[in-house]
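Colleague: Right, I'll just put the structure down here and ask away after.
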Amino acid sequence: QYNILFVGSAFYANTEGIKWYIKNVLPYIKGHLTIIGKGMDRYQREWNNERVTVLGYVNNLDEYYYKADIIVMPIFSGSGMKTKTAEALMYGKTIQGTKEAFEGYEIEPKAMYSCQTAKEFITTYNQLTQGNRLLPYNKYARNLFLKKYSEEITYKAFKQIFNLES
């Protein structure tokens, strides 16, 4: 069974997106969904079942990312780059997300799968899980993070942009 992870606080865009995913995608795929995020525990009664675990805030996300086979980001509203996208890449995770989840990111085709509809989420997930193409550690995701979004790379870019080279 594959471990699907959603990370995000109980902010409207997150709750709207994961509620949609639970209703429109999860019934049609195999796997167990874990939802983590500050305030999400208020949805435990509504969403918890044999296929969904809602934890709310956790002290350390590491173990949940390490156990995850895929990160889902069904985000339909909001603005700007999502920190959780960079975080998932940092952990070397394959991501299924909406266009909004990938706003401002360079798509790595072997690590990031843009899905706008339930059918796209379902089809892509099923393709990834067939033949065990979904690996707990995705080197393409990790390499993209190191090349484009790590703190070191970001710092170098800011130094260059603001002529802070000494």
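Order determines the names: the first chain of the structure tokens is A, the second B, and so forth; residues in each chain are numbered 1 upward, and ligands are numbered 1 upward as they are shown.
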Give me every strand (DSSP E) residue in chain A, going by DSSP on the backbone, as number ranges by chain.

Modeller: A: 3-7, 32-36, 52-56, 70-73, 95-97, 112-114

Colleague: Please produce a file of those selected residues containing N, CA and C atoms, as an mmCIF file, in the first residue's frame.

Modeller:
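Output saved as selection23.cif:
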```
data_model
loop_
_atom_site.group_PDB
_atom_site.id
_atom_site.type_symbol
_atom_site.label_atom_id
_atom_site.label_comp_id
_atom_site.auth_asym_id
_atom_site.auth_seq_id
_atom_site.Cartn_x
_atom_site.Cartn_y
_atom_site.Cartn_z
ATOM 1 N N ASN A 3 1.864 5.195 0.600
ATOM 2 C CA ASN A 3 1.613 6.243 1.592
ATOM 3 C C ASN A 3 1.554 7.589 0.887
ATOM 4 N N ILE A 4 0.408 8.217 0.958
ATOM 5 C CA ILE A 4 0.152 9.514 0.342
ATOM 6 C C ILE A 4 0.167 10.543 1.469
ATOM 7 N N LEU A 5 0.868 11.656 1.258
ATOM 8 C CA LEU A 5 0.988 12.664 2.310
ATOM 9 C C LEU A 5 0.523 14.025 1.813
ATOM 10 N N PHE A 6 -0.246 14.704 2.665
ATOM 11 C CA PHE A 6 -0.614 16.103 2.445
ATOM 12 C C PHE A 6 -0.141 16.888 3.652
ATOM 13 N N VAL A 7 0.588 17.968 3.405
ATOM 14 C CA VAL A 7 1.077 18.827 4.477
ATOM 15 C C VAL A 7 0.556 20.237 4.241
ATOM 16 N N HIS A 32 -2.979 4.983 1.340
ATOM 17 C CA HIS A 32 -3.452 5.595 2.583
ATOM 18 C C HIS A 32 -2.974 7.041 2.624
ATOM 19 N N LEU A 33 -3.888 7.945 2.914
ATOM 20 C CA LEU A 33 -3.603 9.378 2.971
ATOM 21 C C LEU A 33 -3.398 9.820 4.409
ATOM 22 N N THR A 34 -2.270 10.506 4.658
ATOM 23 C CA THR A 34 -2.020 11.136 5.954
ATOM 24 C C THR A 34 -2.041 12.643 5.742
ATOM 25 N N ILE A 35 -2.786 13.334 6.597
ATOM 26 C CA ILE A 35 -2.905 14.797 6.532
ATOM 27 C C ILE A 35 -2.257 15.371 7.789
ATOM 28 N N ILE A 36 -1.298 16.274 7.570
ATOM 29 C CA ILE A 36 -0.593 16.896 8.684
ATOM 30 C C ILE A 36 -0.630 18.409 8.493
ATOM 31 N N VAL A 52 -7.754 7.301 5.695
ATOM 32 C CA VAL A 52 -7.295 8.670 5.964
ATOM 33 C C VAL A 52 -6.955 8.808 7.451
ATOM 34 N N THR A 53 -5.763 9.376 7.722
ATOM 35 C CA THR A 53 -5.363 9.717 9.081
ATOM 36 C C THR A 53 -5.076 11.211 9.119
ATOM 37 N N VAL A 54 -5.748 11.906 10.023
ATOM 38 C CA VAL A 54 -5.538 13.343 10.200
ATOM 39 C C VAL A 54 -4.809 13.538 11.522
ATOM 40 N N LEU A 55 -3.626 14.155 11.461
ATOM 41 C CA LEU A 55 -2.811 14.322 12.656
ATOM 42 C C LEU A 55 -2.756 15.745 13.189
ATOM 43 N N GLY A 56 -3.018 16.723 12.396
ATOM 44 C CA GLY A 56 -2.840 18.092 12.860
ATOM 45 C C GLY A 56 -1.354 18.431 12.950
ATOM 46 N N ILE A 70 4.422 9.532 -2.007
ATOM 47 C CA ILE A 70 4.037 10.644 -2.871
ATOM 48 C C ILE A 70 3.414 11.748 -2.020
ATOM 49 N N ILE A 71 3.610 12.985 -2.461
ATOM 50 C CA ILE A 71 3.024 14.149 -1.802
ATOM 51 C C ILE A 71 1.938 14.684 -2.729
ATOM 52 N N VAL A 72 0.770 14.965 -2.168
ATOM 53 C CA VAL A 72 -0.296 15.537 -2.988
ATOM 54 C C VAL A 72 -0.537 16.974 -2.558
ATOM 55 N N MET A 73 -0.773 17.822 -3.560
ATOM 56 C CA MET A 73 -1.004 19.244 -3.311
ATOM 57 C C MET A 73 -2.155 19.737 -4.175
ATOM 58 N N ILE A 95 5.748 14.676 -6.474
ATOM 59 C CA ILE A 95 4.618 15.527 -6.120
ATOM 60 C C ILE A 95 3.560 15.476 -7.211
ATOM 61 N N GLN A 96 2.322 15.313 -6.773
ATOM 62 C CA GLN A 96 1.171 15.508 -7.642
ATOM 63 C C GLN A 96 0.498 16.767 -7.141
ATOM 64 N N GLY A 97 0.377 17.759 -8.004
ATOM 65 C CA GLY A 97 -0.223 19.002 -7.553
ATOM 66 C C GLY A 97 -0.904 19.743 -8.673
ATOM 67 N N MET A 112 7.497 16.026 -10.751
ATOM 68 C CA MET A 112 6.368 16.907 -10.494
ATOM 69 C C MET A 112 5.301 16.679 -11.560
ATOM 70 N N TYR A 113 4.109 16.345 -11.107
ATOM 71 C CA TYR A 113 3.022 16.020 -12.020
ATOM 72 C C TYR A 113 1.862 16.973 -11.793
ATOM 73 N N SER A 114 1.618 17.833 -12.790
ATOM 74 C CA SER A 114 0.563 18.826 -12.692
ATOM 75 C C SER A 114 -0.772 18.198 -13.089
#
```

Colleague: Please, which residues of range 19-157 of chain A, numbered as in this document, come out helix (DSSP H, G or I) from DSSP, as a PyMOL selection string?

Modeller: chain A and resi 19-24+26-28+40-47+62-67+83-90+118-132+139-149+151-157

Colleague: Name the closest residue to Tyr57 in chain A among the candidates A:Asn24, A:Thr85, A:Ser9, A:Thr98; distances are taken between atoms, counting only C-alpha atoms.

Modeller: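 Looking only at the distances to Tyr57 in chain A, the closest residue turns out to be A:Ser9.
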
Colleague: How many Å lie between CA of Thr83 in chain A and CA of Gln44 in chain A, rounded to one decimal?

Modeller: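 Interatomic distance, CA of Thr83 in chain A to CA of Gln44 in chain A: 24.4 Å.
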
Colleague: Please provide the set of residues having any atom within 12 Å of Glu16 in chain A, restricted to only C-alpha atoms, with same-chain residues fewer than 5 positions apart removed, written as a ChimeraX atom specification.

Modeller: /A:8-11,21-23,40,43,73-78

Colleague: For those residues, write all heavy atoms to a file as a CSV table (one decimal), in the first residue's frame.

Modeller:
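For reference, out.csv as written:
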```
chain,number,residue,atom,x,y,z
A,8,GLY,N,-0.1,20.8,5.2
A,8,GLY,CA,-0.6,22.1,5.1
A,8,GLY,C,-1.5,22.5,6.3
A,8,GLY,O,-2.2,21.6,6.8
A,9,SER,N,-1.4,23.7,6.8
A,9,SER,CA,-2.3,24.2,7.9
A,9,SER,C,-3.7,24.3,7.5
A,9,SER,O,-4.1,24.2,6.3
A,9,SER,CB,-1.8,25.5,8.4
A,9,SER,OG,-2.0,26.5,7.4
A,10,ALA,N,-4.6,24.4,8.5
A,10,ALA,CA,-6.0,24.5,8.2
A,10,ALA,C,-6.4,25.9,7.7
A,10,ALA,O,-7.3,26.5,8.1
A,10,ALA,CB,-6.8,24.2,9.5
A,11,PHE,N,-5.7,26.3,6.6
A,11,PHE,CA,-6.0,27.5,5.9
A,11,PHE,C,-7.0,27.1,4.8
A,11,PHE,O,-7.0,26.0,4.3
A,11,PHE,CB,-4.7,28.0,5.3
A,11,PHE,CG,-4.8,29.1,4.3
A,11,PHE,CD1,-5.2,30.4,4.6
A,11,PHE,CD2,-4.5,28.8,3.0
A,11,PHE,CE1,-5.3,31.3,3.7
A,11,PHE,CE2,-4.6,29.8,2.0
A,11,PHE,CZ,-5.0,31.1,2.3
A,21,TYR,N,-10.0,16.4,-2.7
A,21,TYR,CA,-9.2,15.2,-3.0
A,21,TYR,C,-9.8,13.9,-2.3
A,21,TYR,O,-9.9,12.9,-3.0
A,21,TYR,CB,-7.7,15.4,-2.5
A,21,TYR,CG,-6.8,14.3,-2.9
A,21,TYR,CD1,-6.1,14.4,-4.1
A,21,TYR,CD2,-6.5,13.3,-2.0
A,21,TYR,CE1,-5.2,13.3,-4.4
A,21,TYR,CE2,-5.6,12.2,-2.4
A,21,TYR,CZ,-5.0,12.3,-3.6
A,21,TYR,OH,-4.1,11.3,-3.9
A,22,ILE,N,-10.1,14.1,-1.1
A,22,ILE,CA,-10.7,12.9,-0.4
A,22,ILE,C,-12.0,12.5,-1.0
A,22,ILE,O,-12.3,11.3,-1.2
A,22,ILE,CB,-11.0,13.3,1.1
A,22,ILE,CG1,-9.6,13.5,1.9
A,22,ILE,CG2,-11.8,12.3,1.8
A,22,ILE,CD1,-9.8,14.1,3.2
A,23,LYS,N,-12.8,13.4,-1.5
A,23,LYS,CA,-14.1,13.1,-2.1
A,23,LYS,C,-13.9,12.6,-3.6
A,23,LYS,O,-14.6,11.6,-4.0
A,23,LYS,CB,-15.0,14.3,-2.1
A,23,LYS,CG,-16.3,14.1,-2.7
A,23,LYS,CD,-17.2,15.3,-2.7
A,23,LYS,CE,-18.5,15.1,-3.4
A,23,LYS,NZ,-19.2,16.3,-3.7
A,40,MET,N,-5.4,21.2,11.5
A,40,MET,CA,-6.1,20.2,10.7
A,40,MET,C,-6.8,19.1,11.6
A,40,MET,O,-7.7,18.5,11.1
A,40,MET,CB,-5.2,19.4,9.7
A,40,MET,CG,-4.8,20.3,8.5
A,40,MET,SD,-6.3,20.5,7.5
A,40,MET,CE,-5.5,21.0,5.9
A,43,TYR,N,-10.5,18.4,11.8
A,43,TYR,CA,-11.2,17.7,10.8
A,43,TYR,C,-11.2,16.2,11.0
A,43,TYR,O,-11.6,15.4,10.2
A,43,TYR,CB,-10.7,18.0,9.4
A,43,TYR,CG,-11.0,19.5,9.1
A,43,TYR,CD1,-10.0,20.4,9.2
A,43,TYR,CD2,-12.2,19.9,8.6
A,43,TYR,CE1,-10.2,21.8,8.9
A,43,TYR,CE2,-12.5,21.2,8.3
A,43,TYR,CZ,-11.4,22.2,8.5
A,43,TYR,OH,-11.7,23.5,8.2
A,73,MET,N,-0.8,17.8,-3.6
A,73,MET,CA,-1.0,19.2,-3.3
A,73,MET,C,-2.2,19.7,-4.2
A,73,MET,O,-1.9,20.5,-5.2
A,73,MET,CB,0.3,20.0,-3.6
A,73,MET,CG,1.4,19.7,-2.7
A,73,MET,SD,2.8,20.7,-3.1
A,73,MET,CE,4.1,20.0,-2.0
A,74,PRO,N,-3.4,19.3,-3.8
A,74,PRO,CA,-4.5,19.8,-4.6
A,74,PRO,C,-5.0,21.2,-4.1
A,74,PRO,O,-5.9,21.4,-3.4
A,74,PRO,CB,-5.6,18.8,-4.3
A,74,PRO,CG,-5.2,18.3,-2.9
A,74,PRO,CD,-3.7,18.4,-2.8
A,75,ILE,N,-4.2,22.2,-4.5
A,75,ILE,CA,-4.4,23.6,-4.1
A,75,ILE,C,-5.0,24.4,-5.3
A,75,ILE,O,-4.4,24.5,-6.4
A,75,ILE,CB,-3.1,24.3,-3.7
A,75,ILE,CG1,-2.4,23.4,-2.6
A,75,ILE,CG2,-3.4,25.7,-3.2
A,75,ILE,CD1,-3.2,23.1,-1.4
A,76,PHE,N,-6.2,24.9,-5.1
A,76,PHE,CA,-6.9,25.6,-6.2
A,76,PHE,C,-7.0,27.1,-6.1
A,76,PHE,O,-7.4,27.8,-7.0
A,76,PHE,CB,-8.4,25.0,-6.3
A,76,PHE,CG,-8.4,23.6,-6.7
A,76,PHE,CD1,-8.6,22.6,-5.7
A,76,PHE,CD2,-8.1,23.1,-8.0
A,76,PHE,CE1,-8.6,21.3,-6.0
A,76,PHE,CE2,-8.1,21.8,-8.3
A,76,PHE,CZ,-8.4,20.8,-7.3
A,77,SER,N,-6.6,27.6,-4.9
A,77,SER,CA,-6.6,29.1,-4.7
A,77,SER,C,-5.4,29.5,-3.9
A,77,SER,O,-4.7,28.6,-3.3
A,77,SER,CB,-7.9,29.5,-4.1
A,77,SER,OG,-8.1,28.9,-2.8
A,78,GLY,N,-5.1,30.7,-3.9
A,78,GLY,CA,-3.9,31.3,-3.2
A,78,GLY,C,-3.0,32.0,-4.2
A,78,GLY,O,-3.4,32.3,-5.3
```

Colleague: With only C-alpha atoms as the counted atoms, please give the residues lying no more than 10 Å from Tyr66 in chain A, apart from itself and same-chain residues fewer than 6 positions off, as a list in words.

Modeller: Tyr91, Gly92, Lys93, Pro136 and Tyr137 of chain A

Colleague: Could you take the residues named above and write them with N, CA and C atoms, as a compact mmCIF listing (two decimals), in the first residue's frame?

Modeller:
```
# COMPACT_ATOMS: atom_id res chain seq x y z
N TYR A 91 12.97 16.84 0.39
CA TYR A 91 12.93 15.47 0.89
C TYR A 91 13.03 14.43 -0.23
N GLY A 92 13.13 14.90 -1.48
CA GLY A 92 13.23 13.97 -2.60
C GLY A 92 11.93 13.24 -2.88
N LYS A 93 10.84 13.97 -2.90
CA LYS A 93 9.52 13.35 -3.06
C LYS A 93 8.88 13.70 -4.40
N PRO A 136 10.06 5.85 -2.99
CA PRO A 136 10.03 6.71 -1.80
C PRO A 136 11.05 7.85 -1.86
N TYR A 137 12.12 7.65 -2.62
CA TYR A 137 13.11 8.73 -2.79
C TYR A 137 13.27 9.00 -4.28
```

Colleague: Nearest to Thr124 in chain A: which of A:Thr94, A:Asn49, A:Asn143, A:Asn163 is it, counting only C-alpha atoms?

Modeller: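 So, comparing all the options, the nearest one is A:Thr94.
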